[in-house]
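> Input final-v5.txt, format and content: compact mmCIF, N, CA and C atoms.
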# COMPACT_ATOMS: atom_id res chain seq x y z
N MET H 1 0.81 -1.20 0.00
CA MET H 1 0.00 0.00 0.00
C MET H 1 0.85 1.26 0.00
N THR H 2 1.93 1.29 0.73
CA THR H 2 2.74 2.51 0.82
C THR H 2 3.45 2.80 -0.49
N ILE H 3 3.81 1.77 -1.26
CA ILE H 3 4.47 1.99 -2.54
C ILE H 3 3.49 2.62 -3.52
N MET H 4 2.23 2.18 -3.50
CA MET H 4 1.21 2.74 -4.40
C MET H 4 0.94 4.20 -4.06
N SER H 5 0.86 4.54 -2.78
CA SER H 5 0.62 5.93 -2.41
C SER H 5 1.83 6.80 -2.75
N LEU H 6 3.02 6.24 -2.64
CA LEU H 6 4.23 6.98 -3.00
C LEU H 6 4.24 7.29 -4.49
N VAL H 7 3.80 6.34 -5.30
CA VAL H 7 3.74 6.55 -6.75
C VAL H 7 2.71 7.62 -7.08
N LEU H 8 1.56 7.60 -6.41
CA LEU H 8 0.52 8.60 -6.65
C LEU H 8 0.99 9.99 -6.26
N VAL H 9 1.68 10.10 -5.12
CA VAL H 9 2.20 11.39 -4.69
C VAL H 9 3.24 11.89 -5.68
N SER H 10 4.10 11.01 -6.14
CA SER H 10 5.12 11.39 -7.11
C SER H 10 4.49 11.86 -8.42
N ALA H 11 3.46 11.18 -8.86
CA ALA H 11 2.79 11.56 -10.11
C ALA H 11 2.09 12.90 -9.98
N SER H 12 1.45 13.13 -8.85
CA SER H 12 0.76 14.42 -8.67
C SER H 12 1.76 15.55 -8.52
N THR H 13 2.90 15.29 -7.88
CA THR H 13 3.93 16.32 -7.75
C THR H 13 4.51 16.68 -9.11
N THR H 14 4.75 15.66 -9.93
CA THR H 14 5.27 15.89 -11.28
C THR H 14 4.27 16.68 -12.12
N ALA H 15 2.99 16.37 -12.01
CA ALA H 15 1.97 17.09 -12.77
C ALA H 15 1.88 18.53 -12.32
N ALA H 16 1.96 18.77 -11.02
CA ALA H 16 1.90 20.14 -10.50
C ALA H 16 3.11 20.93 -10.93
N ALA H 17 4.28 20.33 -10.92
CA ALA H 17 5.50 21.02 -11.32
C ALA H 17 5.48 21.36 -12.80
N SER H 18 4.99 20.44 -13.63
CA SER H 18 4.96 20.71 -15.06
C SER H 18 3.94 21.79 -15.40
N SER H 19 2.82 21.83 -14.69
CA SER H 19 1.85 22.89 -14.96
C SER H 19 2.38 24.23 -14.47
N ALA H 20 3.14 24.25 -13.38
CA ALA H 20 3.74 25.50 -12.92
C ALA H 20 4.77 26.00 -13.90
N VAL H 21 5.53 25.11 -14.48
CA VAL H 21 6.52 25.51 -15.48
C VAL H 21 5.83 26.07 -16.71
N SER H 22 4.74 25.46 -17.14
CA SER H 22 4.06 25.95 -18.34
C SER H 22 3.40 27.30 -18.08
N ILE H 23 2.95 27.55 -16.86
CA ILE H 23 2.37 28.85 -16.55
C ILE H 23 3.45 29.93 -16.57
N THR H 24 4.60 29.64 -15.97
CA THR H 24 5.64 30.66 -15.92
C THR H 24 6.28 30.87 -17.28
N THR H 25 6.33 29.87 -18.12
CA THR H 25 6.92 30.07 -19.44
C THR H 25 5.96 30.74 -20.41
N SER H 26 4.65 30.65 -20.16
CA SER H 26 3.71 31.30 -21.07
C SER H 26 3.65 32.81 -20.83
N ILE H 27 3.99 33.25 -19.62
CA ILE H 27 4.03 34.68 -19.32
C ILE H 27 5.47 35.14 -19.48
N SER H 28 5.72 35.96 -20.48
CA SER H 28 7.08 36.39 -20.73
C SER H 28 7.42 37.63 -19.92
N VAL H 29 8.66 38.05 -20.02
CA VAL H 29 9.12 39.22 -19.26
C VAL H 29 8.41 40.47 -19.72
N GLY H 30 8.12 40.58 -21.01
CA GLY H 30 7.43 41.76 -21.52
C GLY H 30 6.04 41.92 -20.95
N VAL H 31 5.32 40.81 -20.82
CA VAL H 31 3.98 40.86 -20.24
C VAL H 31 4.08 41.21 -18.76
N GLY H 32 5.05 40.62 -18.06
CA GLY H 32 5.23 40.94 -16.65
C GLY H 32 5.60 42.39 -16.44
N GLY H 33 6.44 42.93 -17.30
CA GLY H 33 6.81 44.34 -17.21
C GLY H 33 5.62 45.25 -17.46
N ALA H 34 4.77 44.86 -18.40
CA ALA H 34 3.58 45.66 -18.68
C ALA H 34 2.61 45.62 -17.50
N LEU H 35 2.46 44.46 -16.89
CA LEU H 35 1.59 44.35 -15.72
C LEU H 35 2.11 45.17 -14.56
N ILE H 36 3.42 45.17 -14.36
CA ILE H 36 4.02 45.97 -13.30
C ILE H 36 3.79 47.45 -13.57
N ALA H 37 3.96 47.87 -14.82
CA ALA H 37 3.75 49.28 -15.17
C ALA H 37 2.30 49.70 -14.96
N ILE H 38 1.37 48.85 -15.36
CA ILE H 38 -0.06 49.18 -15.19
C ILE H 38 -0.42 49.26 -13.72
N LEU H 39 0.05 48.30 -12.93
CA LEU H 39 -0.23 48.31 -11.50
C LEU H 39 0.40 49.52 -10.82
N LEU H 40 1.61 49.87 -11.23
CA LEU H 40 2.29 51.02 -10.67
C LEU H 40 1.55 52.32 -11.00
N ILE H 41 1.10 52.46 -12.23
CA ILE H 41 0.33 53.65 -12.62
C ILE H 41 -0.96 53.74 -11.82
N MET H 42 -1.64 52.61 -11.64
CA MET H 42 -2.89 52.62 -10.88
C MET H 42 -2.65 53.01 -9.42
N LEU H 43 -1.60 52.45 -8.81
CA LEU H 43 -1.32 52.77 -7.41
C LEU H 43 -0.87 54.22 -7.23
N LEU H 44 -0.03 54.71 -8.15
CA LEU H 44 0.42 56.11 -8.05
C LEU H 44 -0.73 57.09 -8.24
N SER H 45 -1.62 56.80 -9.20
CA SER H 45 -2.76 57.70 -9.39
C SER H 45 -3.73 57.62 -8.21
N SER H 46 -3.90 56.44 -7.65
CA SER H 46 -4.75 56.31 -6.45
C SER H 46 -4.17 57.09 -5.29
N ARG H 47 -2.85 57.03 -5.14
CA ARG H 47 -2.21 57.76 -4.05
C ARG H 47 -2.39 59.27 -4.22
N GLU H 48 -2.25 59.74 -5.45
CA GLU H 48 -2.42 61.17 -5.70
C GLU H 48 -3.86 61.61 -5.42
N LEU H 49 -4.82 60.79 -5.85
CA LEU H 49 -6.22 61.14 -5.61
C LEU H 49 -6.55 61.12 -4.12
N ILE H 50 -6.03 60.15 -3.41
CA ILE H 50 -6.30 60.07 -1.98
C ILE H 50 -5.62 61.20 -1.23
N SER H 51 -4.40 61.55 -1.61
CA SER H 51 -3.70 62.64 -0.92
C SER H 51 -4.35 64.00 -1.20
N ALA H 52 -5.01 64.14 -2.35
CA ALA H 52 -5.69 65.39 -2.66
C ALA H 52 -7.07 65.48 -2.01
N SER H 53 -7.56 64.37 -1.50
CA SER H 53 -8.88 64.33 -0.90
C SER H 53 -8.88 64.97 0.49
N ASN H 54 -10.04 65.39 0.92
CA ASN H 54 -10.19 65.95 2.27
C ASN H 54 -10.10 64.86 3.33
N LYS H 55 -10.39 63.63 2.96
CA LYS H 55 -10.42 62.54 3.92
C LYS H 55 -9.17 61.66 3.83
N SER H 56 -8.05 62.24 3.43
CA SER H 56 -6.84 61.43 3.31
C SER H 56 -6.32 61.03 4.69
N SER H 57 -5.80 59.84 4.77
CA SER H 57 -5.31 59.30 6.02
C SER H 57 -3.84 58.91 5.85
N LYS H 58 -3.04 59.19 6.87
CA LYS H 58 -1.63 58.84 6.80
C LYS H 58 -1.44 57.33 6.77
N LYS H 59 -2.35 56.60 7.40
CA LYS H 59 -2.26 55.15 7.42
C LYS H 59 -2.50 54.56 6.02
N VAL H 60 -3.46 55.11 5.31
CA VAL H 60 -3.76 54.65 3.96
C VAL H 60 -2.61 55.00 3.02
N LEU H 61 -2.07 56.21 3.15
CA LEU H 61 -0.94 56.62 2.31
C LEU H 61 0.30 55.77 2.59
N ALA H 62 0.51 55.41 3.85
CA ALA H 62 1.65 54.56 4.19
C ALA H 62 1.48 53.16 3.61
N THR H 63 0.25 52.67 3.61
CA THR H 63 -0.02 51.37 3.02
C THR H 63 0.22 51.39 1.52
N LEU H 64 -0.23 52.44 0.86
CA LEU H 64 0.01 52.57 -0.58
C LEU H 64 1.51 52.70 -0.87
N ASP H 65 2.21 53.45 -0.03
CA ASP H 65 3.66 53.60 -0.21
C ASP H 65 4.38 52.27 -0.07
N SER H 66 3.91 51.44 0.85
CA SER H 66 4.54 50.13 1.04
C SER H 66 4.32 49.21 -0.16
N ALA H 67 3.30 49.48 -0.95
CA ALA H 67 3.09 48.71 -2.18
C ALA H 67 3.79 49.35 -3.37
N ILE H 68 3.92 50.67 -3.35
CA ILE H 68 4.50 51.40 -4.49
C ILE H 68 6.01 51.25 -4.54
N VAL H 69 6.68 51.33 -3.41
CA VAL H 69 8.15 51.32 -3.39
C VAL H 69 8.74 50.04 -3.99
N PRO H 70 8.28 48.84 -3.61
CA PRO H 70 8.84 47.65 -4.26
C PRO H 70 8.55 47.59 -5.76
N LEU H 71 7.37 48.05 -6.15
CA LEU H 71 7.04 48.06 -7.58
C LEU H 71 7.93 49.03 -8.34
N LEU H 72 8.26 50.17 -7.73
CA LEU H 72 9.18 51.11 -8.37
C LEU H 72 10.56 50.50 -8.55
N VAL H 73 11.01 49.74 -7.56
CA VAL H 73 12.32 49.09 -7.65
C VAL H 73 12.31 48.07 -8.78
N VAL H 74 11.27 47.24 -8.83
CA VAL H 74 11.18 46.20 -9.87
C VAL H 74 11.04 46.85 -11.24
N PHE H 75 10.25 47.90 -11.35
CA PHE H 75 10.06 48.59 -12.62
C PHE H 75 11.36 49.20 -13.11
N SER H 76 12.10 49.88 -12.22
CA SER H 76 13.35 50.49 -12.65
C SER H 76 14.40 49.45 -13.00
N LEU H 77 14.45 48.33 -12.27
CA LEU H 77 15.39 47.27 -12.63
C LEU H 77 15.03 46.63 -13.96
N THR H 78 13.74 46.49 -14.23
CA THR H 78 13.30 45.96 -15.52
C THR H 78 13.75 46.87 -16.66
N ILE H 79 13.58 48.17 -16.48
CA ILE H 79 14.00 49.13 -17.50
C ILE H 79 15.51 49.08 -17.69
N VAL H 80 16.27 49.03 -16.60
CA VAL H 80 17.73 48.99 -16.69
C VAL H 80 18.18 47.74 -17.44
N PHE H 81 17.62 46.59 -17.09
CA PHE H 81 18.02 45.35 -17.75
C PHE H 81 17.62 45.33 -19.23
N GLN H 82 16.48 45.89 -19.56
CA GLN H 82 16.07 45.94 -20.96
C GLN H 82 16.98 46.87 -21.77
N VAL H 83 17.36 48.00 -21.19
CA VAL H 83 18.28 48.91 -21.88
C VAL H 83 19.65 48.24 -22.04
N LEU H 84 20.12 47.57 -21.01
CA LEU H 84 21.41 46.88 -21.11
C LEU H 84 21.37 45.76 -22.14
N GLU H 85 20.23 45.11 -22.26
CA GLU H 85 20.10 44.05 -23.25
C GLU H 85 20.11 44.63 -24.66
N ILE H 86 19.47 45.78 -24.85
CA ILE H 86 19.45 46.44 -26.17
C ILE H 86 20.85 46.93 -26.52
N VAL H 87 21.53 47.52 -25.56
CA VAL H 87 22.88 48.05 -25.79
C VAL H 87 23.84 46.90 -26.08
N GLY H 88 23.59 45.76 -25.50
CA GLY H 88 24.42 44.59 -25.74
C GLY H 88 25.39 44.28 -24.64
N THR H 89 25.25 44.95 -23.50
CA THR H 89 26.13 44.71 -22.38
C THR H 89 25.88 43.35 -21.76
N ILE H 90 24.61 42.96 -21.68
CA ILE H 90 24.27 41.64 -21.14
C ILE H 90 23.52 40.86 -22.21
N SER H 91 23.55 39.54 -22.11
CA SER H 91 22.78 38.72 -23.03
C SER H 91 21.94 37.75 -22.22
N VAL H 92 20.69 37.60 -22.64
CA VAL H 92 19.78 36.73 -21.90
C VAL H 92 19.62 35.42 -22.61
Starting from the coordinates I provided, produce the structure as structure tokens.

Amino acid sequence: MTIMSLVLVSASTTAAASSAVSITTSISVGVGGALIAILLIMLLSSRELISASNKSSKKVLATLDSAIVPLLVVFSLTIVFQVLEIVGTISV
């Protein structure tokens, strides 16, 4: 019985890993960069609208900042790597 359950667990693990690989390979870097840019634009515009409002809260702005800063880092690194790839300094 334990050998059969081990085979089933191994088969399900292999199926899950292969589907995860196909999901990550179907989304390319360009699509990920576009999603990051869209999310960053939405968060930055939301922050500006909330800060201009009469009911703006420092807690809400701090929460938005905690989401915006990592996205800014990832966005700028994406731009740097794409420029370096175009220039030919790095090869992917």
> Calculated over only C-alpha atoms, which of the candidates H:Ala52, H:Val60, H:Ala67, H:Ile79 has the smallest distance to Leu40 (chain H)?
H:Ala67
> Just give me the gap between CA of Asp65 (chain H) and CA of Leu84 (chain H) in Å, one decimal is fine.
28.2 Å
> Can you tell me how far CA of Leu35 (chain H) sits from atom N of Phe75 (chain H), in Å to one decimal?
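Here the two named atoms are 10.3 Å from each other.
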> Quick one: distance from CA of Glu48 (chain H) to CA of Val73 (chain H) in Å, one decimal?
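One can read the CA of Glu48 (chain H) to CA of Val73 (chain H) distance as 19.2 Å.
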> Might you pull out every residue within 12 Å of Lys59 (chain H), with only C-alpha atoms counted and same-chain residues fewer than 6 positions away left off, and present them as a ChimeraX atom specification?
/H:47,50-51,65-66
